[in-house]
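Asks: So here's my_file.tsv (TSV, C-alpha atoms (C1' of nucleotides)).
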```
chain	number	residue	atom	x	y	z
H	182	MET	CA	0.00	0.00	0.00
H	183	ASN	CA	1.36	3.37	-0.82
H	184	ASN	CA	1.07	6.16	1.69
H	185	ASP	CA	-2.10	7.76	0.53
H	186	THR	CA	-2.89	10.75	2.68
H	187	ARG	CA	-5.86	11.91	0.65
H	188	LEU	CA	-8.39	10.72	3.20
H	189	SER	CA	-6.45	12.46	5.93
H	190	VAL	CA	-6.17	15.72	4.01
H	191	ALA	CA	-9.80	15.64	2.91
H	192	ALA	CA	-10.93	15.08	6.50
H	193	HIS	CA	-8.80	18.03	7.55
H	194	ILE	CA	-10.42	20.24	4.92
H	195	LEU	CA	-13.94	19.15	5.81
H	196	ALA	CA	-13.32	19.63	9.53
H	197	LEU	CA	-12.08	23.13	8.84
H	198	LEU	CA	-15.11	23.86	6.69
H	199	SER	CA	-17.42	22.57	9.40
H	200	PHE	CA	-16.08	25.35	11.65
H	201	ALA	CA	-16.66	27.89	8.90
H	202	GLY	CA	-20.39	27.24	8.77
H	203	LYS	CA	-21.92	28.75	5.66
H	204	GLU	CA	-18.87	30.81	4.78
H	205	TYR	CA	-16.70	29.97	1.82
H	206	ARG	CA	-13.01	29.23	2.26
H	207	SER	CA	-10.43	29.64	-0.51
H	208	SER	CA	-8.20	26.81	-1.67
H	209	ASP	CA	-5.27	28.98	-0.74
H	210	LEU	CA	-6.36	29.24	2.88
H	211	LEU	CA	-7.10	25.52	3.02
H	212	ALA	CA	-3.72	24.76	1.49
H	213	ARG	CA	-1.94	26.79	4.14
H	214	SER	CA	-3.75	24.97	6.93
H	215	VAL	CA	-2.99	21.56	5.45
H	216	ASN	CA	0.52	22.72	4.51
H	217	THR	CA	0.33	21.80	0.87
H	218	ASN	CA	-0.25	23.37	-2.51
H	219	ALA	CA	-3.49	25.11	-3.49
H	220	VAL	CA	-3.74	23.00	-6.62
H	221	VAL	CA	-3.62	19.83	-4.56
H	222	VAL	CA	-6.50	21.19	-2.49
H	223	ARG	CA	-8.51	22.11	-5.57
H	224	ARG	CA	-8.05	18.63	-6.97
H	225	LEU	CA	-9.50	17.26	-3.74
H	226	THR	CA	-12.35	19.75	-3.36
H	227	GLY	CA	-13.22	19.03	-6.98
H	228	GLN	CA	-13.74	15.38	-6.09
H	229	LEU	CA	-15.63	16.25	-2.92
H	230	LYS	CA	-17.89	18.46	-5.02
H	231	LYS	CA	-18.60	15.67	-7.48
H	232	ALA	CA	-19.64	13.53	-4.53
H	233	GLY	CA	-21.97	16.28	-3.33
H	234	LEU	CA	-20.15	16.83	-0.04
H	235	VAL	CA	-19.15	20.45	-0.67
H	236	ASP	CA	-20.13	23.38	-2.81
H	237	VAL	CA	-17.36	25.12	-4.70
H	238	ARG	CA	-17.84	28.53	-6.26
H	239	ARG	CA	-15.73	29.99	-8.99
H	240	GLY	CA	-15.16	33.69	-9.32
H	241	VAL	CA	-14.71	35.29	-5.94
H	242	GLY	CA	-15.59	31.96	-4.50
H	243	GLY	CA	-14.28	29.19	-2.36
H	244	THR	CA	-15.55	26.00	-0.78
H	245	THR	CA	-18.25	25.36	1.82
H	246	LEU	CA	-19.95	22.28	3.20
H	247	ASN	CA	-22.96	21.10	1.23
H	248	ARG	CA	-24.22	18.76	3.93
H	249	LYS	CA	-24.34	18.77	7.70
H	250	PRO	CA	-21.08	17.55	9.26
H	251	GLU	CA	-22.97	14.83	11.09
H	252	GLU	CA	-24.18	13.55	7.72
H	253	ILE	CA	-20.71	13.11	6.28
H	254	THR	CA	-18.96	9.89	7.23
H	255	LEU	CA	-15.35	9.01	6.59
H	256	LEU	CA	-16.66	6.41	4.16
H	257	ASP	CA	-18.31	9.16	2.10
H	258	VAL	CA	-15.01	11.00	2.06
H	259	TYR	CA	-13.05	7.87	1.28
H	260	LYS	CA	-15.25	6.99	-1.67
H	261	ALA	CA	-15.16	10.54	-2.97
H	262	VAL	CA	-11.44	10.95	-2.74
H	263	VAL	CA	-9.80	7.59	-3.34
H	264	PRO	CA	-9.80	6.63	-7.02
H	265	HIS	CA	-11.68	3.47	-7.68
H	266	PRO	CA	-9.08	0.84	-8.50
H	267	LYS	CA	-7.33	1.93	-5.33
H	268	ALA	CA	-10.42	1.68	-3.19
H	269	ALA	CA	-9.49	-1.85	-2.15
H	270	PRO	CA	-6.95	-2.28	0.59
H	271	PHE	CA	-4.74	-4.72	-1.25
H	272	TYR	CA	-3.73	-5.39	-4.77
H	273	LEU	CA	-3.53	-8.57	-6.69
H	274	HIS	CA	-0.20	-9.04	-8.40
H	275	GLN	CA	-0.33	-8.87	-12.17
H	276	ASN	CA	0.11	-11.75	-14.58
H	277	PRO	CA	0.81	-14.72	-12.38
H	278	CYS	CA	1.95	-17.66	-14.45
H	279	CYS	CA	-1.02	-19.32	-16.20
H	280	ASP	CA	0.85	-22.56	-16.78
H	281	CYS	CA	0.61	-23.59	-13.18
H	282	TYR	CA	-2.60	-24.14	-11.29
H	283	ILE	CA	-1.66	-21.74	-8.53
H	284	GLY	CA	-1.11	-18.87	-10.95
H	285	ARG	CA	-4.30	-19.68	-12.82
H	286	ASN	CA	-6.46	-19.53	-9.69
H	287	ILE	CA	-4.80	-17.33	-7.12
H	288	HIS	CA	-6.73	-14.21	-8.08
H	289	ASP	CA	-10.10	-15.89	-7.70
H	290	ALA	CA	-8.96	-17.52	-4.49
H	291	LEU	CA	-8.01	-14.18	-2.96
H	292	ALA	CA	-10.99	-12.24	-4.27
H	293	ALA	CA	-13.43	-13.27	-1.54
H	294	PRO	CA	-11.11	-12.73	1.44
H	295	PHE	CA	-9.96	-9.39	0.06
H	296	ALA	CA	-13.55	-8.32	-0.50
H	297	ARG	CA	-14.35	-9.19	3.11
H	298	VAL	CA	-11.44	-7.07	4.31
H	299	ASN	CA	-12.63	-4.22	2.16
H	300	LYS	CA	-16.14	-4.49	3.55
H	301	ALA	CA	-14.90	-4.53	7.14
H	302	MET	CA	-12.84	-1.47	6.44
H	303	GLU	CA	-15.73	0.39	4.85
H	304	GLU	CA	-18.08	-0.44	7.69
H	305	SER	CA	-15.57	0.92	10.13
H	306	LEU	CA	-15.10	4.10	8.11
H	307	ALA	CA	-18.85	4.63	8.07
H	308	ASN	CA	-18.85	4.76	11.86
H	309	THR	CA	-17.15	8.13	12.10
H	310	THR	CA	-18.52	11.47	10.96
H	311	ILE	CA	-16.89	14.82	10.26
H	312	ALA	CA	-18.99	16.19	13.10
H	313	GLU	CA	-17.28	13.86	15.56
H	314	ILE	CA	-13.86	14.88	14.33
H	315	ALA	CA	-14.77	18.54	14.60
H	316	GLU	CA	-16.18	17.96	18.06
H	317	PHE	CA	-12.94	16.32	19.15
H	318	ILE	CA	-11.02	19.34	17.96
H	319	ARG	CA	-13.44	21.77	19.57
H	320	LYS	CA	-13.13	20.06	22.94
H	321	ARG	CA	-9.37	19.87	22.72
H	322	GLU	CA	-8.89	23.42	21.67
H	323	PHE	CA	-11.53	25.24	23.69
H	324	LYS	CA	-11.10	23.03	26.74
H	325	GLU	CA	-14.58	22.50	27.89
Z	134	MET	CA	3.29	-2.87	-10.19
Z	135	ASN	CA	2.47	0.26	-8.38
Z	136	ASN	CA	0.72	-0.50	-5.21
Z	137	ASP	CA	1.70	-3.00	-2.70
Z	138	THR	CA	1.08	-6.51	-3.90
Z	139	ARG	CA	3.26	-8.11	-1.29
Z	140	LEU	CA	0.38	-9.73	0.57
Z	141	SER	CA	-0.95	-11.08	-2.70
Z	142	VAL	CA	2.42	-12.43	-3.80
Z	143	ALA	CA	3.22	-13.90	-0.39
Z	144	ALA	CA	-0.16	-15.66	-0.30
Z	145	HIS	CA	0.58	-17.05	-3.74
Z	146	ILE	CA	3.92	-18.39	-2.57
Z	147	LEU	CA	2.50	-19.94	0.59
Z	148	ALA	CA	-0.38	-21.53	-1.30
Z	149	LEU	CA	2.10	-23.06	-3.71
Z	150	LEU	CA	4.23	-24.33	-0.84
Z	151	SER	CA	1.19	-25.83	0.84
Z	152	PHE	CA	0.80	-28.06	-2.23
Z	153	ALA	CA	4.46	-29.01	-2.06
Z	154	GLY	CA	4.13	-30.55	1.41
Z	155	LYS	CA	7.52	-31.13	2.97
Z	156	GLU	CA	9.43	-30.58	-0.26
Z	157	TYR	CA	11.55	-27.50	-0.79
Z	158	ARG	CA	10.89	-25.14	-3.68
Z	159	SER	CA	13.51	-22.84	-5.17
Z	160	SER	CA	13.04	-19.08	-5.39
Z	161	ASP	CA	13.49	-19.41	-9.13
Z	162	LEU	CA	10.52	-21.75	-9.44
Z	163	LEU	CA	8.42	-19.55	-7.18
Z	164	ALA	CA	9.40	-16.48	-9.17
Z	165	ARG	CA	8.28	-18.10	-12.42
Z	166	SER	CA	4.91	-18.99	-10.92
Z	167	VAL	CA	4.38	-15.49	-9.55
Z	168	ASN	CA	5.87	-13.96	-12.71
Z	169	THR	CA	8.45	-11.85	-10.98
Z	170	ASN	CA	12.13	-11.88	-10.14
Z	171	ALA	CA	13.81	-14.48	-7.97
Z	172	VAL	CA	15.36	-11.77	-5.81
Z	173	VAL	CA	11.95	-10.30	-5.11
Z	174	VAL	CA	10.83	-13.73	-3.98
Z	175	ARG	CA	13.87	-14.17	-1.78
Z	176	ARG	CA	13.23	-10.85	-0.13
Z	177	LEU	CA	9.73	-12.05	0.70
Z	178	THR	CA	10.67	-15.54	1.82
Z	179	GLY	CA	13.32	-13.93	4.01
Z	180	GLN	CA	10.61	-11.98	5.82
Z	181	LEU	CA	8.34	-15.01	6.03
Z	182	LYS	CA	11.23	-16.95	7.54
Z	183	LYS	CA	11.81	-14.27	10.17
Z	184	ALA	CA	8.15	-14.57	11.10
Z	185	GLY	CA	8.52	-18.33	11.42
Z	186	LEU	CA	6.09	-19.15	8.63
Z	187	VAL	CA	8.57	-20.92	6.36
Z	188	ASP	CA	11.91	-22.65	6.50
Z	189	VAL	CA	14.53	-21.57	3.97
Z	190	ARG	CA	17.64	-23.63	3.33
Z	191	ARG	CA	20.79	-22.37	1.72
Z	192	GLY	CA	23.04	-24.57	-0.36
Z	193	VAL	CA	20.99	-26.93	-2.49
Z	194	GLY	CA	18.02	-25.59	-0.65
Z	195	GLY	CA	14.75	-23.82	-1.16
Z	196	THR	CA	11.71	-22.91	0.86
Z	197	THR	CA	9.09	-25.03	2.60
Z	198	LEU	CA	6.24	-24.33	5.00
Z	199	ASN	CA	7.21	-24.29	8.64
Z	200	ARG	CA	3.65	-24.44	9.92
Z	201	LYS	CA	0.45	-26.15	8.86
Z	202	PRO	CA	-1.45	-24.16	6.21
Z	203	GLU	CA	-4.49	-24.03	8.47
Z	204	GLU	CA	-2.34	-22.34	11.10
Z	205	ILE	CA	-1.26	-19.49	8.84
Z	206	THR	CA	-3.75	-16.63	8.55
Z	207	LEU	CA	-3.57	-13.74	6.12
Z	208	LEU	CA	-2.93	-11.54	9.14
Z	209	ASP	CA	0.23	-13.53	9.92
Z	210	VAL	CA	1.34	-13.03	6.32
Z	211	TYR	CA	0.39	-9.39	6.35
Z	212	LYS	CA	2.34	-8.68	9.49
Z	213	ALA	CA	5.34	-10.62	8.23
Z	214	VAL	CA	5.46	-8.95	4.87
Z	215	VAL	CA	4.20	-5.38	5.20
Z	216	PRO	CA	6.78	-3.03	6.74
Z	217	HIS	CA	5.60	-1.53	9.96
Z	218	PRO	CA	4.93	2.14	9.30
Z	219	LYS	CA	2.85	0.96	6.36
Z	220	ALA	CA	0.83	-1.53	8.35
Z	221	ALA	CA	-1.96	0.98	8.84
Z	222	PRO	CA	-4.44	1.50	6.04
Z	223	PHE	CA	-4.23	5.25	5.90
Z	224	TYR	CA	-1.64	7.86	6.51
Z	225	LEU	CA	-1.82	11.12	8.29
Z	226	HIS	CA	-0.56	13.99	6.19
Z	227	GLN	CA	2.69	15.50	7.37
Z	228	ASN	CA	3.13	18.86	9.03
Z	229	PRO	CA	-0.31	20.40	9.03
Z	230	CYS	CA	-0.17	24.05	9.96
Z	231	CYS	CA	0.33	24.46	13.73
Z	232	ASP	CA	-0.92	28.02	13.71
Z	233	CYS	CA	-4.51	27.00	13.25
Z	234	TYR	CA	-6.46	24.83	15.62
Z	235	ILE	CA	-7.43	22.35	12.93
Z	236	GLY	CA	-3.83	21.68	11.98
Z	237	ARG	CA	-2.80	21.40	15.61
Z	238	ASN	CA	-5.38	18.74	16.41
Z	239	ILE	CA	-6.28	16.87	13.26
Z	240	HIS	CA	-3.81	14.06	13.86
Z	241	ASP	CA	-5.13	13.29	17.32
Z	242	ALA	CA	-8.68	13.61	16.07
Z	243	LEU	CA	-8.10	11.05	13.33
Z	244	ALA	CA	-6.01	8.67	15.41
Z	245	ALA	CA	-8.90	6.84	17.06
Z	246	PRO	CA	-11.05	6.34	13.95
Z	247	PHE	CA	-8.04	5.23	11.93
Z	248	ALA	CA	-7.05	2.78	14.67
Z	249	ARG	CA	-10.56	1.32	14.58
Z	250	VAL	CA	-10.34	0.85	10.82
Z	251	ASN	CA	-7.00	-0.82	11.22
Z	252	LYS	CA	-8.36	-3.19	13.84
Z	253	ALA	CA	-11.34	-4.10	11.67
Z	254	MET	CA	-9.01	-4.83	8.81
Z	255	GLU	CA	-6.74	-7.02	10.90
Z	256	GLU	CA	-9.63	-8.98	12.35
Z	257	SER	CA	-10.90	-9.64	8.87
Z	258	LEU	CA	-7.48	-10.76	7.66
Z	259	ALA	CA	-7.25	-13.16	10.58
Z	260	ASN	CA	-10.38	-14.92	9.36
Z	261	THR	CA	-8.75	-16.49	6.33
Z	262	THR	CA	-6.03	-19.14	6.31
Z	263	ILE	CA	-3.64	-20.34	3.64
Z	264	ALA	CA	-5.36	-23.71	3.90
Z	265	GLU	CA	-8.64	-22.16	2.76
Z	266	ILE	CA	-6.97	-20.49	-0.18
Z	267	ALA	CA	-5.27	-23.72	-1.16
Z	268	GLU	CA	-8.54	-25.59	-0.78
Z	269	PHE	CA	-10.27	-23.11	-3.09
Z	270	ILE	CA	-7.60	-23.71	-5.71
Z	271	ARG	CA	-7.73	-27.47	-5.28
Z	272	LYS	CA	-11.48	-27.56	-5.80
Z	273	ARG	CA	-11.31	-25.25	-8.80
Z	274	GLU	CA	-8.53	-27.08	-10.51
Z	275	PHE	CA	-9.32	-30.70	-9.71
Z	276	LYS	CA	-13.07	-30.21	-10.02
Z	277	GLU	CA	-14.38	-32.24	-7.19
O	296	DT	C1'	37.62	-32.37	-2.08
O	297	DC	C1'	35.24	-30.49	-5.87
O	298	DT	C1'	31.20	-29.45	-8.26
O	299	DT	C1'	26.66	-27.97	-8.44
O	300	DG	C1'	22.85	-25.32	-7.44
O	301	DA	C1'	20.74	-22.80	-4.29
O	302	DT	C1'	20.17	-18.61	-0.89
O	303	DG	C1'	21.75	-13.88	1.00
O	304	DT	C1'	22.60	-9.53	-0.08
O	305	DA	C1'	24.62	-5.35	-1.93
O	306	DA	C1'	24.33	-2.05	-5.47
O	307	DC	C1'	22.37	-0.26	-9.30
O	308	DT	C1'	18.65	0.92	-12.80
O	309	DT	C1'	13.94	1.32	-14.09
O	310	DT	C1'	9.30	2.27	-13.30
O	311	DT	C1'	5.56	4.69	-11.50
O	312	DG	C1'	2.59	7.69	-9.16
O	313	DC	C1'	1.94	11.55	-6.61
O	314	DA	C1'	3.15	16.09	-4.79
O	315	DG	C1'	4.39	20.29	-5.91
O	316	DA	C1'	4.83	24.21	-8.94
O	317	DT	C1'	3.77	27.24	-12.79
O	318	DA	C1'	0.92	29.29	-15.93
O	319	DC	C1'	-2.96	30.01	-18.07
O	320	DT	C1'	-8.24	30.29	-18.85
O	321	DA	C1'	-12.90	30.83	-17.09
O	322	DC	C1'	-15.65	32.99	-14.18
O	323	DA	C1'	-18.45	35.81	-10.70
O	324	DA	C1'	-19.11	39.72	-7.85
O	325	DA	C1'	-18.27	44.33	-6.55
A	14	DT	C1'	-13.66	46.66	-15.60
A	15	DT	C1'	-11.10	45.04	-11.95
A	16	DT	C1'	-10.07	41.61	-8.73
A	17	DG	C1'	-9.69	37.33	-6.68
A	18	DT	C1'	-10.95	32.90	-7.14
A	19	DA	C1'	-11.55	27.97	-9.17
A	20	DG	C1'	-10.40	24.71	-13.14
A	21	DT	C1'	-6.99	22.58	-15.54
A	22	DA	C1'	-2.99	21.30	-18.40
A	23	DT	C1'	1.71	20.46	-18.08
A	24	DC	C1'	6.15	20.01	-16.25
A	25	DT	C1'	9.58	18.71	-12.67
A	26	DG	C1'	11.11	16.43	-8.66
A	27	DC	C1'	11.02	12.87	-5.50
A	28	DA	C1'	10.48	8.55	-3.16
A	29	DA	C1'	9.37	3.76	-2.94
A	30	DA	C1'	9.19	-0.52	-4.91
A	31	DA	C1'	10.27	-3.63	-8.61
A	32	DG	C1'	13.43	-5.50	-11.25
A	33	DT	C1'	18.36	-6.59	-12.51
A	34	DT	C1'	23.09	-7.89	-12.03
A	35	DA	C1'	26.73	-9.66	-9.62
A	36	DC	C1'	28.95	-12.09	-6.32
A	37	DA	C1'	29.84	-14.24	-1.78
A	38	DT	C1'	28.16	-17.97	0.97
A	39	DC	C1'	26.71	-22.28	1.81
A	40	DA	C1'	25.17	-27.39	1.83
A	41	DA	C1'	24.79	-31.82	-0.30
A	42	DG	C1'	26.40	-35.32	-3.11
A	43	DA	C1'	29.61	-37.45	-6.41
```
Give the structure from the file, written as structure tokens.

Replies:
Amino acid sequence: MNNDTRLSVAAHILALLSFAGKEYRSSDLLARSVNTNAVVVRRLTGQLKKAGLVDVRRGVGGTTLNRKPEEITLLDVYKAVVPHPKAAPFYLHQNPCCDCYIGRNIHDALAAPFARVNKAMEESLANTTIAEIAEFIRKREFKE
Amino acid sequence: MNNDTRLSVAAHILALLSFAGKEYRSSDLLARSVNTNAVVVRRLTGQLKKAGLVDVRRGVGGTTLNRKPEEITLLDVYKAVVPHPKAAPFYLHQNPCCDCYIGRNIHDALAAPFARVNKAMEESLANTTIAEIAEFIRKREFKE
DNA sequence: TCTTGATGTAACTTTTGCAGATACTACAAA
DNA sequence: TTTGTAGTATCTGCAAAAGTTACATCAAGA
């Protein structure tokens, strides 16, 4: 697995937006908070927009939440932001040898277990919302 | 091969070895079955050996299972073969901005949910053994 | 003892996928 | 019309893993 931090960054962005309420935040501001490039942020917000999680305005615009934070789970974010072939936790190796019966069948043999792992992972992701993450931060920061 | 296929390749190797019984198989033969390089195989079998899953002999040697196939779970393989910092499904982005309260706290806020996802994944991996994978292949190939 | 065939491992090259950066267009609001 | 933003194409740089080559090490058998 490569170190994909897109879920982490997207959660950061959405948590920040949840504190902004109905106000729009620019990709530049978001990029500074995440400590990355504005283009990287725009690529992410673009995907979040496609998934209906945020609204992005051009012109003198920015990004705002399009759904209540408690209605956005990490699974929603994950699905929005992780490209599809990568959305499984593990990869099957390419072109195993077809002349031997292991190579011929290993992919099918691993498909079911890998699918179960994927399902377990997704169910777990669905158990956390952006609201909870924001609440954690609020408690930590404003000590109360 | 971009993403990490080590679990997939290692499972392939172990399934093959489970059919070989007590016989030793060379890294060259394994590499041909997996369709990769013998050195890549040796790097993997080296890690599997460290974890006690296989026995590797030098000289006129090779690799054989060191444990019954039904006593090797995908979690054992995963832990043996995936380097530690990578053993979590998702990564936290580096150096979020410490000047804003989101950046200061996002890592701690995500730690618990990510740990839960990791646990769910590991529990799922522990539910499948090499014996089951081998059995799937046996049934498929020898139609019975 | 010598030969053979295997692993262990170091060092290097190749591949690949992002991240990051730059530059430009499209656009909306004041 | 100006200004500040998103959208996007394109390039570079970088890091990790795969793949390759080469060679030392080792064990078994003739």

Asks: Enumerate as a ChimeraX atom specification the residues belonging to chain A that approach chain Z to within 8 Å, with all atoms listed in the file taken into account.

Replies: /A:30-32,39-41

Asks: Within 10 Å of chain H, which residues of chain O come that close, and what is the closest atom pair and distance in Å for each? Count only C-alpha atoms (C1' of nucleotides) and give it as a Markdown table.

Replies:
```
| residue | atom | partner | partner_atom | distance |
| --- | --- | --- | --- | --- |
| O:DG312 | C1' | H:Asn183 | CA | 9.5 |
| O:DC313 | C1' | H:Asp185 | CA | 9.0 |
| O:DA314 | C1' | H:Val221 | CA | 7.7 |
| O:DG315 | C1' | H:Asn218 | CA | 6.5 |
| O:DA316 | C1' | H:Asn218 | CA | 8.2 |
| O:DA321 | C1' | H:Gly240 | CA | 8.6 |
| O:DC322 | C1' | H:Gly240 | CA | 4.9 |
| O:DA323 | C1' | H:Gly240 | CA | 4.2 |
| O:DA324 | C1' | H:Val241 | CA | 6.5 |
| O:DA325 | C1' | H:Val241 | CA | 9.7 |
```

Asks: Find the nearest atom pair between each residue of chain Z and chain H for residues within 8 Å, count all atoms listed in the file, give distances in Å to one decimal, sort rows by chain and ascending number, and present the table as CSV.

Replies:
```
residue,atom,partner,partner_atom,distance
Z:Met134,CA,H:Gln275,CA,7.3
Z:Asn136,CA,H:Met182,CA,5.3
Z:Asp137,CA,H:Met182,CA,4.4
Z:Thr138,CA,H:Tyr272,CA,5.0
Z:Arg139,CA,H:His274,CA,8.0
Z:Leu140,CA,H:Phe271,CA,7.4
Z:Ser141,CA,H:Leu273,CA,5.4
Z:Val142,CA,H:His274,CA,6.3
Z:His145,CA,H:Ile287,CA,6.4
Z:Ala148,CA,H:Ile283,CA,7.3
Z:Leu149,CA,H:Ile283,CA,6.3
Z:Arg165,CA,H:Cys278,CA,6.7
Z:Ser166,CA,H:Cys278,CA,4.8
Z:Val167,CA,H:Pro277,CA,4.6
Z:Asn168,CA,H:Pro277,CA,5.1
Z:Lys219,CA,H:Met182,CA,7.0
Z:Pro222,CA,H:Pro270,CA,7.1
Z:Phe223,CA,H:Asp185,CA,6.3
Z:Tyr224,CA,H:Thr186,CA,5.0
Z:Leu225,CA,H:Ser189,CA,5.4
Z:His226,CA,H:Thr186,CA,5.3
Z:Asn228,CA,H:Asn216,CA,6.5
Z:Pro229,CA,H:Val215,CA,4.6
Z:Cys230,CA,H:Ser214,CA,4.8
Z:Cys231,CA,H:Ser214,CA,7.9
Z:Asp232,CA,H:Ser214,CA,8.0
Z:Cys233,CA,H:Ser214,CA,6.7
Z:Tyr234,CA,H:Glu322,CA,6.7
Z:Ile235,CA,H:Leu197,CA,6.2
Z:Gly236,CA,H:Ser214,CA,6.0
Z:Asn238,CA,H:Ile318,CA,5.9
Z:Ile239,CA,H:His193,CA,6.3
Z:Ala242,CA,H:Ile314,CA,5.6
Z:Leu243,CA,H:Ile314,CA,7.0
Z:Pro246,CA,H:Thr309,CA,6.6
Z:Arg249,CA,H:Ser305,CA,6.7
Z:Val250,CA,H:Ser305,CA,5.3
Z:Asn251,CA,H:Met302,CA,7.6
Z:Ala253,CA,H:Ala301,CA,5.8
Z:Met254,CA,H:Val298,CA,5.6
Z:Ser257,CA,H:Val298,CA,5.3
Z:Leu258,CA,H:Val298,CA,6.4
Z:Thr261,CA,H:Pro294,CA,6.6
Z:Ile266,CA,H:Ala290,CA,5.6
Z:Ala267,CA,H:Ala290,CA,7.9
Z:Phe269,CA,H:Ala290,CA,5.9
Z:Ile270,CA,H:Asn286,CA,5.9
Z:Arg273,CA,H:Asn286,CA,7.6
Z:Glu274,CA,H:Tyr282,CA,6.7
```

Asks: To one decimal place, how far is CA of Tyr211 in chain Z from C1' of DT308 in chain O in Å?

Replies: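 Answer for the CA of Tyr211 in chain Z to C1' of DT308 in chain O separation: 28.4 Å.
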
Asks: Given identical sequences, what C-alpha RMSD separates chain Z from chain H after least-squares superposition over all Cα in order?

Replies: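 Chain H versus chain Z: RMSD of 1.2 Å.
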
Asks: One number please: CA of Glu251 in chain H to CA of Val235 in chain H, in Å, one decimal.

Replies: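 Going from CA of Glu251 in chain H over to CA of Val235 in chain H covers 13.6 Å.
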
Asks: Counting all atoms listed in the file, figure out which residue out of A:DT38, A:DT33, A:DC27, A:DT18 gets nearest to DA301 in chain O.

Replies: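 Looking at the shortest contact to DA301 in chain O, the residue is A:DT38.
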
Asks: So what do you get for CA of Leu234 in chain H versus CA of Arg248 in chain H, distance-wise?

Replies: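 Distance between the two atoms: 6.0 Å.
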
Asks: Give me the residues within 9 Å of Gly185 in chain Z as an MDAnalysis selection string, counting all atoms listed in the file and dropping any in the same chain fewer than 2 places off.

Replies: chainID Z and resid 180:183 187:188 199:200 213

Asks: With 4 Å added on each side, what axis-aligned box encloses every listed atom of range 300-315 of chain O? Give the centre and edge lengths in Å to one decimal, as JSON.

Replies:
```
{"center_x": 13.3, "center_y": -2.5, "center_z": -6.5, "size_x": 30.7, "size_y": 53.6, "size_z": 23.1}
```
